[in-house]
$ cat upload.cif   # mmCIF, N, CA, C and O atoms
data_work
loop_
_atom_site.group_PDB
_atom_site.id
_atom_site.type_symbol
_atom_site.label_atom_id
_atom_site.label_comp_id
_atom_site.auth_asym_id
_atom_site.auth_seq_id
_atom_site.Cartn_x
_atom_site.Cartn_y
_atom_site.Cartn_z
ATOM 1 N N MET A 1390 -13.694 -17.668 46.907
ATOM 2 C CA MET A 1390 -14.252 -16.544 46.221
ATOM 3 C C MET A 1390 -13.143 -15.549 45.873
ATOM 4 O O MET A 1390 -12.209 -15.355 46.627
ATOM 5 N N ASP A 1391 -13.241 -14.937 44.670
ATOM 6 C CA ASP A 1391 -12.228 -13.989 44.230
ATOM 7 C C ASP A 1391 -12.335 -12.696 45.023
ATOM 8 O O ASP A 1391 -13.420 -12.221 45.327
ATOM 9 N N THR A 1392 -11.171 -12.156 45.304
ATOM 10 C CA THR A 1392 -11.169 -10.871 45.993
ATOM 11 C C THR A 1392 -11.379 -9.771 44.968
ATOM 12 O O THR A 1392 -10.870 -9.855 43.843
ATOM 13 N N PRO A 1393 -12.116 -8.743 45.317
ATOM 14 C CA PRO A 1393 -12.350 -7.657 44.362
ATOM 15 C C PRO A 1393 -11.044 -6.911 44.072
ATOM 16 O O PRO A 1393 -10.198 -6.744 44.945
ATOM 17 N N ARG A 1394 -10.912 -6.508 42.831
ATOM 18 C CA ARG A 1394 -9.713 -5.786 42.418
ATOM 19 C C ARG A 1394 -9.933 -4.301 42.643
ATOM 20 O O ARG A 1394 -11.029 -3.784 42.497
ATOM 21 N N SER A 1395 -8.864 -3.636 42.943
ATOM 22 C CA SER A 1395 -8.978 -2.193 43.164
ATOM 23 C C SER A 1395 -9.053 -1.463 41.828
ATOM 24 O O SER A 1395 -8.703 -2.003 40.773
ATOM 25 N N ARG A 1396 -9.528 -0.261 41.893
ATOM 26 C CA ARG A 1396 -9.608 0.558 40.671
ATOM 27 C C ARG A 1396 -8.233 0.769 40.059
ATOM 28 O O ARG A 1396 -8.083 0.795 38.845
ATOM 29 N N GLU A 1397 -7.242 0.914 40.884
ATOM 30 C CA GLU A 1397 -5.886 1.136 40.390
ATOM 31 C C GLU A 1397 -5.380 -0.075 39.618
ATOM 32 O O GLU A 1397 -4.737 0.077 38.573
ATOM 33 N N ASP A 1398 -5.672 -1.275 40.109
ATOM 34 C CA ASP A 1398 -5.259 -2.487 39.409
ATOM 35 C C ASP A 1398 -5.935 -2.583 38.042
ATOM 36 O O ASP A 1398 -5.304 -2.909 37.030
ATOM 37 N N VAL A 1399 -7.226 -2.301 38.007
ATOM 38 C CA VAL A 1399 -7.969 -2.348 36.747
ATOM 39 C C VAL A 1399 -7.449 -1.294 35.795
ATOM 40 O O VAL A 1399 -7.243 -1.537 34.603
ATOM 41 N N ARG A 1400 -7.198 -0.097 36.328
ATOM 42 C CA ARG A 1400 -6.683 1.002 35.497
ATOM 43 C C ARG A 1400 -5.310 0.639 34.938
ATOM 44 O O ARG A 1400 -5.025 0.897 33.758
ATOM 45 N N ASP A 1401 -4.462 0.027 35.748
ATOM 46 C CA ASP A 1401 -3.135 -0.395 35.276
ATOM 47 C C ASP A 1401 -3.256 -1.434 34.159
ATOM 48 O O ASP A 1401 -2.528 -1.384 33.162
ATOM 49 N N ASP A 1402 -4.175 -2.380 34.332
ATOM 50 C CA ASP A 1402 -4.392 -3.395 33.293
ATOM 51 C C ASP A 1402 -4.887 -2.761 31.999
ATOM 52 O O ASP A 1402 -4.439 -3.112 30.898
ATOM 53 N N LEU A 1403 -5.825 -1.818 32.112
ATOM 54 C CA LEU A 1403 -6.351 -1.142 30.919
ATOM 55 C C LEU A 1403 -5.274 -0.307 30.243
ATOM 56 O O LEU A 1403 -5.196 -0.258 29.014
ATOM 57 N N ASP A 1404 -4.429 0.348 31.028
ATOM 58 C CA ASP A 1404 -3.327 1.117 30.448
ATOM 59 C C ASP A 1404 -2.355 0.208 29.704
ATOM 60 O O ASP A 1404 -1.857 0.555 28.626
ATOM 61 N N ALA A 1405 -2.086 -0.968 30.260
ATOM 62 C CA ALA A 1405 -1.185 -1.914 29.603
ATOM 63 C C ALA A 1405 -1.782 -2.389 28.275
ATOM 64 O O ALA A 1405 -1.075 -2.487 27.261
ATOM 65 N N ILE A 1406 -3.081 -2.665 28.274
ATOM 66 C CA ILE A 1406 -3.746 -3.093 27.037
ATOM 67 C C ILE A 1406 -3.725 -1.966 26.012
ATOM 68 O O ILE A 1406 -3.454 -2.192 24.832
ATOM 69 N N ALA A 1407 -3.990 -0.736 26.450
ATOM 70 C CA ALA A 1407 -3.965 0.414 25.540
ATOM 71 C C ALA A 1407 -2.571 0.604 24.947
ATOM 72 O O ALA A 1407 -2.429 0.901 23.750
ATOM 73 N N ASP A 1408 -1.543 0.407 25.757
ATOM 74 C CA ASP A 1408 -0.174 0.521 25.252
ATOM 75 C C ASP A 1408 0.117 -0.547 24.196
ATOM 76 O O ASP A 1408 0.757 -0.268 23.176
ATOM 77 N N GLN A 1409 -0.354 -1.761 24.437
ATOM 78 C CA GLN A 1409 -0.163 -2.837 23.454
ATOM 79 C C GLN A 1409 -0.873 -2.512 22.146
ATOM 80 O O GLN A 1409 -0.333 -2.737 21.060
ATOM 81 N N ILE A 1410 -2.079 -1.974 22.223
ATOM 82 C CA ILE A 1410 -2.833 -1.618 21.017
ATOM 83 C C ILE A 1410 -2.119 -0.506 20.256
ATOM 84 O O ILE A 1410 -1.954 -0.573 19.038
ATOM 85 N N ASN A 1411 -1.677 0.514 20.988
ATOM 86 C CA ASN A 1411 -0.974 1.629 20.340
ATOM 87 C C ASN A 1411 0.328 1.163 19.687
ATOM 88 O O ASN A 1411 0.677 1.609 18.593
ATOM 89 N N GLU A 1412 1.030 0.258 20.350
ATOM 90 C CA GLU A 1412 2.268 -0.280 19.779
ATOM 91 C C GLU A 1412 1.979 -1.039 18.485
ATOM 92 O O GLU A 1412 2.696 -0.902 17.494
ATOM 93 N N GLY A 1413 0.909 -1.815 18.488
ATOM 94 C CA GLY A 1413 0.530 -2.546 17.279
ATOM 95 C C GLY A 1413 0.155 -1.613 16.148
ATOM 96 O O GLY A 1413 0.514 -1.836 14.986
ATOM 97 N N ILE A 1414 -0.560 -0.550 16.468
ATOM 98 C CA ILE A 1414 -0.944 0.426 15.439
ATOM 99 C C ILE A 1414 0.299 1.103 14.868
ATOM 100 O O ILE A 1414 0.434 1.263 13.655
ATOM 101 N N GLU A 1415 1.209 1.493 15.743
ATOM 102 C CA GLU A 1415 2.431 2.151 15.270
ATOM 103 C C GLU A 1415 3.248 1.222 14.386
ATOM 104 O O GLU A 1415 3.782 1.636 13.366
ATOM 105 N N LYS A 1416 3.345 -0.047 14.760
ATOM 106 C CA LYS A 1416 4.078 -0.999 13.932
ATOM 107 C C LYS A 1416 3.380 -1.191 12.597
ATOM 108 O O LYS A 1416 4.024 -1.311 11.564
ATOM 109 N N GLY A 1417 2.071 -1.203 12.613
ATOM 110 C CA GLY A 1417 1.321 -1.335 11.369
ATOM 111 C C GLY A 1417 1.552 -0.154 10.453
ATOM 112 O O GLY A 1417 1.734 -0.304 9.252
ATOM 113 N N ARG A 1418 1.571 1.028 11.021
ATOM 114 C CA ARG A 1418 1.828 2.218 10.209
ATOM 115 C C ARG A 1418 3.237 2.205 9.664
ATOM 116 O O ARG A 1418 3.477 2.576 8.529
ATOM 117 N N TYR A 1419 4.168 1.796 10.473
ATOM 118 C CA TYR A 1419 5.556 1.757 10.027
ATOM 119 C C TYR A 1419 5.713 0.749 8.902
ATOM 120 O O TYR A 1419 6.354 1.021 7.906
ATOM 121 N N THR A 1420 5.068 -0.383 9.036
ATOM 122 C CA THR A 1420 5.134 -1.392 7.998
ATOM 123 C C THR A 1420 4.457 -0.885 6.730
ATOM 124 O O THR A 1420 4.958 -1.064 5.636
ATOM 125 N N LEU A 1421 3.316 -0.229 6.871
ATOM 126 C CA LEU A 1421 2.623 0.343 5.724
ATOM 127 C C LEU A 1421 3.493 1.401 5.060
ATOM 128 O O LEU A 1421 3.574 1.467 3.837
ATOM 129 N N SER A 1422 4.170 2.186 5.852
ATOM 130 C CA SER A 1422 5.065 3.207 5.315
ATOM 131 C C SER A 1422 6.202 2.567 4.531
ATOM 132 O O SER A 1422 6.576 3.051 3.458
ATOM 133 N N GLN A 1423 6.750 1.478 5.056
ATOM 134 C CA GLN A 1423 7.817 0.777 4.345
ATOM 135 C C GLN A 1423 7.307 0.216 3.025
ATOM 136 O O GLN A 1423 7.980 0.321 1.997
ATOM 137 N N LEU A 1424 6.130 -0.389 3.046
ATOM 138 C CA LEU A 1424 5.553 -0.935 1.820
ATOM 139 C C LEU A 1424 5.297 0.160 0.797
ATOM 140 O O LEU A 1424 5.543 -0.013 -0.392
ATOM 141 N N GLN A 1425 4.798 1.287 1.276
ATOM 142 C CA GLN A 1425 4.510 2.399 0.382
ATOM 143 C C GLN A 1425 5.800 2.916 -0.264
ATOM 144 O O GLN A 1425 5.837 3.201 -1.456
ATOM 145 N N GLY A 1426 6.859 3.015 0.521
ATOM 146 C CA GLY A 1426 8.145 3.464 -0.011
ATOM 147 C C GLY A 1426 8.695 2.501 -1.044
ATOM 148 O O GLY A 1426 9.201 2.916 -2.094
ATOM 149 N N ALA A 1427 8.596 1.212 -0.757
ATOM 150 C CA ALA A 1427 9.089 0.203 -1.698
ATOM 151 C C ALA A 1427 8.280 0.240 -2.995
ATOM 152 O O ALA A 1427 8.842 0.129 -4.092
ATOM 153 N N LEU A 1428 6.972 0.405 -2.877
ATOM 154 C CA LEU A 1428 6.118 0.486 -4.057
ATOM 155 C C LEU A 1428 6.462 1.719 -4.895
ATOM 156 O O LEU A 1428 6.517 1.631 -6.126
ATOM 157 N N MET A 1429 6.718 2.834 -4.244
ATOM 158 C CA MET A 1429 7.099 4.050 -4.970
ATOM 159 C C MET A 1429 8.418 3.847 -5.708
ATOM 160 O O MET A 1429 8.558 4.264 -6.859
ATOM 161 N N ASP A 1430 9.386 3.202 -5.066
ATOM 162 C CA ASP A 1430 10.674 2.957 -5.712
ATOM 163 C C ASP A 1430 10.513 2.062 -6.939
ATOM 164 O O ASP A 1430 11.073 2.353 -8.005
ATOM 165 N N LYS A 1431 9.739 0.989 -6.807
ATOM 166 C CA LYS A 1431 9.518 0.072 -7.932
ATOM 167 C C LYS A 1431 8.776 0.776 -9.061
ATOM 168 O O LYS A 1431 9.073 0.568 -10.239
ATOM 169 N N THR A 1432 7.808 1.618 -8.718
ATOM 170 C CA THR A 1432 7.049 2.347 -9.739
ATOM 171 C C THR A 1432 7.952 3.315 -10.492
ATOM 172 O O THR A 1432 7.881 3.422 -11.721
ATOM 173 N N LYS A 1433 8.829 4.002 -9.768
ATOM 174 C CA LYS A 1433 9.756 4.933 -10.416
ATOM 175 C C LYS A 1433 10.711 4.188 -11.348
ATOM 176 O O LYS A 1433 11.018 4.664 -12.444
ATOM 177 N N GLN A 1434 11.186 3.021 -10.917
ATOM 178 C CA GLN A 1434 12.068 2.223 -11.763
ATOM 179 C C GLN A 1434 11.358 1.760 -13.033
ATOM 180 O O GLN A 1434 11.915 1.836 -14.130
ATOM 181 N N ALA A 1435 10.111 1.307 -12.880
ATOM 182 C CA ALA A 1435 9.342 0.850 -14.041
ATOM 183 C C ALA A 1435 9.080 2.000 -15.002
ATOM 184 O O ALA A 1435 9.175 1.837 -16.227
ATOM 185 N N ALA A 1436 8.776 3.173 -14.469
ATOM 186 C CA ALA A 1436 8.530 4.334 -15.321
ATOM 187 C C ALA A 1436 9.797 4.747 -16.071
ATOM 188 O O ALA A 1436 9.746 5.074 -17.265
ATOM 189 N N ALA A 1437 10.919 4.708 -15.410
ATOM 190 C CA ALA A 1437 12.189 5.057 -16.058
ATOM 191 C C ALA A 1437 12.531 4.056 -17.155
ATOM 192 O O ALA A 1437 12.977 4.444 -18.251
ATOM 193 N N GLN A 1438 12.311 2.764 -16.891
ATOM 194 C CA GLN A 1438 12.588 1.747 -17.901
ATOM 195 C C GLN A 1438 11.639 1.887 -19.090
ATOM 196 O O GLN A 1438 12.054 1.750 -20.248
ATOM 197 N N THR A 1439 10.373 2.183 -18.815
ATOM 198 C CA THR A 1439 9.400 2.373 -19.899
ATOM 199 C C THR A 1439 9.770 3.592 -20.727
ATOM 200 O O THR A 1439 9.710 3.556 -21.963
ATOM 201 N N ASP A 1440 10.164 4.658 -20.061
ATOM 202 C CA ASP A 1440 10.561 5.877 -20.772
ATOM 203 C C ASP A 1440 11.757 5.597 -21.682
ATOM 204 O O ASP A 1440 11.770 6.027 -22.848
ATOM 205 N N GLN A 1441 12.717 4.867 -21.182
ATOM 206 C CA GLN A 1441 13.891 4.535 -21.994
ATOM 207 C C GLN A 1441 13.504 3.654 -23.180
ATOM 208 O O GLN A 1441 13.974 3.865 -24.301
ATOM 209 N N LEU A 1442 12.630 2.681 -22.959
ATOM 210 C CA LEU A 1442 12.182 1.786 -24.024
ATOM 211 C C LEU A 1442 11.449 2.563 -25.119
ATOM 212 O O LEU A 1442 11.676 2.340 -26.316
ATOM 213 N N VAL A 1443 10.589 3.493 -24.721
ATOM 214 C CA VAL A 1443 9.844 4.295 -25.701
ATOM 215 C C VAL A 1443 10.800 5.181 -26.496
ATOM 216 O O VAL A 1443 10.622 5.360 -27.701
ATOM 217 N N HIS A 1444 11.818 5.719 -25.841
ATOM 218 C CA HIS A 1444 12.786 6.544 -26.565
ATOM 219 C C HIS A 1444 13.650 5.702 -27.506
ATOM 220 O O HIS A 1444 14.041 6.173 -28.578
ATOM 221 N N ASP A 1445 13.941 4.472 -27.125
ATOM 222 C CA ASP A 1445 14.749 3.599 -27.971
ATOM 223 C C ASP A 1445 13.966 3.061 -29.168
ATOM 224 O O ASP A 1445 14.525 2.879 -30.254
ATOM 225 N N TYR A 1446 12.686 2.760 -28.979
ATOM 226 C CA TYR A 1446 11.852 2.170 -30.025
ATOM 227 C C TYR A 1446 10.534 2.930 -30.161
ATOM 228 O O TYR A 1446 9.461 2.425 -29.817
ATOM 229 N N PRO A 1447 10.566 4.151 -30.704
ATOM 230 C CA PRO A 1447 9.338 4.964 -30.743
ATOM 231 C C PRO A 1447 8.242 4.371 -31.633
ATOM 232 O O PRO A 1447 7.071 4.382 -31.251
ATOM 233 N N TRP A 1448 8.585 3.862 -32.802
ATOM 234 C CA TRP A 1448 7.552 3.356 -33.703
ATOM 235 C C TRP A 1448 6.938 2.053 -33.194
ATOM 236 O O TRP A 1448 5.737 1.826 -33.337
ATOM 237 N N SER A 1449 7.735 1.222 -32.585
ATOM 238 C CA SER A 1449 7.194 0.007 -31.983
ATOM 239 C C SER A 1449 6.251 0.355 -30.835
ATOM 240 O O SER A 1449 5.208 -0.275 -30.653
ATOM 241 N N SER A 1450 6.618 1.382 -30.058
ATOM 242 C CA SER A 1450 5.770 1.809 -28.943
ATOM 243 C C SER A 1450 4.434 2.335 -29.459
ATOM 244 O O SER A 1450 3.377 2.054 -28.879
ATOM 245 N N ILE A 1451 4.468 3.082 -30.561
ATOM 246 C CA ILE A 1451 3.226 3.592 -31.151
ATOM 247 C C ILE A 1451 2.368 2.427 -31.634
ATOM 248 O O ILE A 1451 1.151 2.398 -31.427
ATOM 249 N N GLY A 1452 2.983 1.441 -32.265
ATOM 250 C CA GLY A 1452 2.252 0.268 -32.743
ATOM 251 C C GLY A 1452 1.599 -0.500 -31.601
ATOM 252 O O GLY A 1452 0.438 -0.925 -31.698
ATOM 253 N N VAL A 1453 2.307 -0.683 -30.505
ATOM 254 C CA VAL A 1453 1.742 -1.381 -29.353
ATOM 255 C C VAL A 1453 0.581 -0.584 -28.771
ATOM 256 O O VAL A 1453 -0.470 -1.138 -28.423
ATOM 257 N N GLY A 1454 0.727 0.728 -28.710
ATOM 258 C CA GLY A 1454 -0.358 1.582 -28.200
ATOM 259 C C GLY A 1454 -1.598 1.496 -29.065
ATOM 260 O O GLY A 1454 -2.725 1.393 -28.557
ATOM 261 N N VAL A 1455 -1.420 1.514 -30.380
ATOM 262 C CA VAL A 1455 -2.559 1.402 -31.298
ATOM 263 C C VAL A 1455 -3.219 0.031 -31.164
ATOM 264 O O VAL A 1455 -4.449 -0.074 -31.102
ATOM 265 N N ALA A 1456 -2.416 -1.021 -31.099
ATOM 266 C CA ALA A 1456 -2.967 -2.374 -30.968
ATOM 267 C C ALA A 1456 -3.759 -2.520 -29.673
ATOM 268 O O ALA A 1456 -4.867 -3.080 -29.671
ATOM 269 N N LEU A 1457 -3.234 -2.005 -28.575
ATOM 270 C CA LEU A 1457 -3.962 -2.075 -27.309
ATOM 271 C C LEU A 1457 -5.253 -1.264 -27.366
ATOM 272 O O LEU A 1457 -6.288 -1.692 -26.847
ATOM 273 N N GLY A 1458 -5.202 -0.111 -28.003
ATOM 274 C CA GLY A 1458 -6.392 0.712 -28.147
ATOM 275 C C GLY A 1458 -7.475 0.001 -28.938
ATOM 276 O O GLY A 1458 -8.659 0.035 -28.570
ATOM 277 N N LEU A 1459 -7.089 -0.641 -30.034
ATOM 278 C CA LEU A 1459 -8.061 -1.387 -30.836
ATOM 279 C C LEU A 1459 -8.629 -2.570 -30.060
ATOM 280 O O LEU A 1459 -9.842 -2.829 -30.095
ATOM 281 N N LEU A 1460 -7.774 -3.288 -29.368
ATOM 282 C CA LEU A 1460 -8.221 -4.433 -28.582
ATOM 283 C C LEU A 1460 -9.218 -4.005 -27.505
ATOM 284 O O LEU A 1460 -10.280 -4.616 -27.353
ATOM 285 N N ILE A 1461 -8.892 -2.965 -26.801
ATOM 286 C CA ILE A 1461 -9.805 -2.468 -25.762
ATOM 287 C C ILE A 1461 -11.095 -1.976 -26.394
ATOM 288 O O ILE A 1461 -12.188 -2.182 -25.854
ATOM 289 N N GLY A 1462 -10.997 -1.336 -27.562
ATOM 290 C CA GLY A 1462 -12.189 -0.854 -28.251
ATOM 291 C C GLY A 1462 -13.123 -1.986 -28.648
ATOM 292 O O GLY A 1462 -14.354 -1.835 -28.625
ATOM 293 N N PHE A 1463 -12.575 -3.117 -29.022
ATOM 294 C CA PHE A 1463 -13.421 -4.266 -29.399
ATOM 295 C C PHE A 1463 -13.971 -4.998 -28.186
ATOM 296 O O PHE A 1463 -15.042 -5.587 -28.241
ATOM 297 N N ILE A 1464 -13.230 -4.987 -27.100
ATOM 298 C CA ILE A 1464 -13.651 -5.704 -25.896
ATOM 299 C C ILE A 1464 -14.789 -4.981 -25.167
ATOM 300 O O ILE A 1464 -15.730 -5.601 -24.684
ATOM 301 N N ILE A 1465 -14.691 -3.663 -25.076
ATOM 302 C CA ILE A 1465 -15.708 -2.896 -24.365
ATOM 303 C C ILE A 1465 -17.013 -2.926 -25.153
ATOM 304 O O ILE A 1465 -17.051 -2.551 -26.317
ATOM 305 N N PRO A 1466 -18.085 -3.384 -24.515
ATOM 306 C CA PRO A 1466 -19.362 -3.444 -25.240
ATOM 307 C C PRO A 1466 -19.890 -2.043 -25.535
ATOM 308 O O PRO A 1466 -19.741 -1.119 -24.761
ATOM 309 N N ARG A 1467 -20.536 -1.937 -26.668
ATOM 310 C CA ARG A 1467 -21.100 -0.639 -27.047
ATOM 311 C C ARG A 1467 -22.545 -0.581 -26.612
ATOM 312 O O ARG A 1467 -23.242 -1.573 -26.562
ATOM 313 N N ARG A 1468 -23.008 0.596 -26.341
ATOM 314 C CA ARG A 1468 -24.383 0.770 -25.863
ATOM 315 C C ARG A 1468 -25.355 0.869 -27.003
ATOM 316 O O ARG A 1468 -25.297 1.318 -28.005
#
$ encode --input "upload.cif" --output "structure tokens"
Amino acid sequence: MDTPRSREDVRDDLDAIADQINEGIEKGRYTLSQLQGALMDKTKQAAAQTDQLVHDYPWSSIGVGVALGLLIGFIIPRR
């Protein structure tokens, strides 16, 4: 038959489990923070490249915008 465990033993086990959970949460947040930073950097790079492209080819950019607007206008059903 198993011997009963003391409250201190159970409390120590629960504290160890809580520490493992907290460590996992912290690692998850850190990883999420890293992903968020990388996404922000890529977004800034894409915006800078788009800005440069629009400044280099303004009329082509206007044409693409009009074409996309017309395409979306035809795709969206009317009520």
$ atom_distance --input "upload.cif" --atom1 "atom N of Arg1396 in chain A" --atom2 "atom N of Glu1415 in chain A"
28.3 Å
$ atom_distance --input "upload.cif" --atom1 "atom O of Ser1395 in chain A" --atom2 "CA of Ile1414 in chain A"
26.6 Å
$ axis_aligned_box --input "upload.cif" --around "range 1392-1406 of chain A" --padding-each-side "8 Å" --output "AutoDock Vina command-line options"
--center_x -6.7 --center_y -5.5 --center_z 35.4 --size_x 27.3 --size_y 29.3 --size_z 37.2
$ atom_distance --input "upload.cif" --atom1 "atom N of Asp1401 in chain A" --atom2 "atom N of Thr1420 in chain A"
28.4 Å
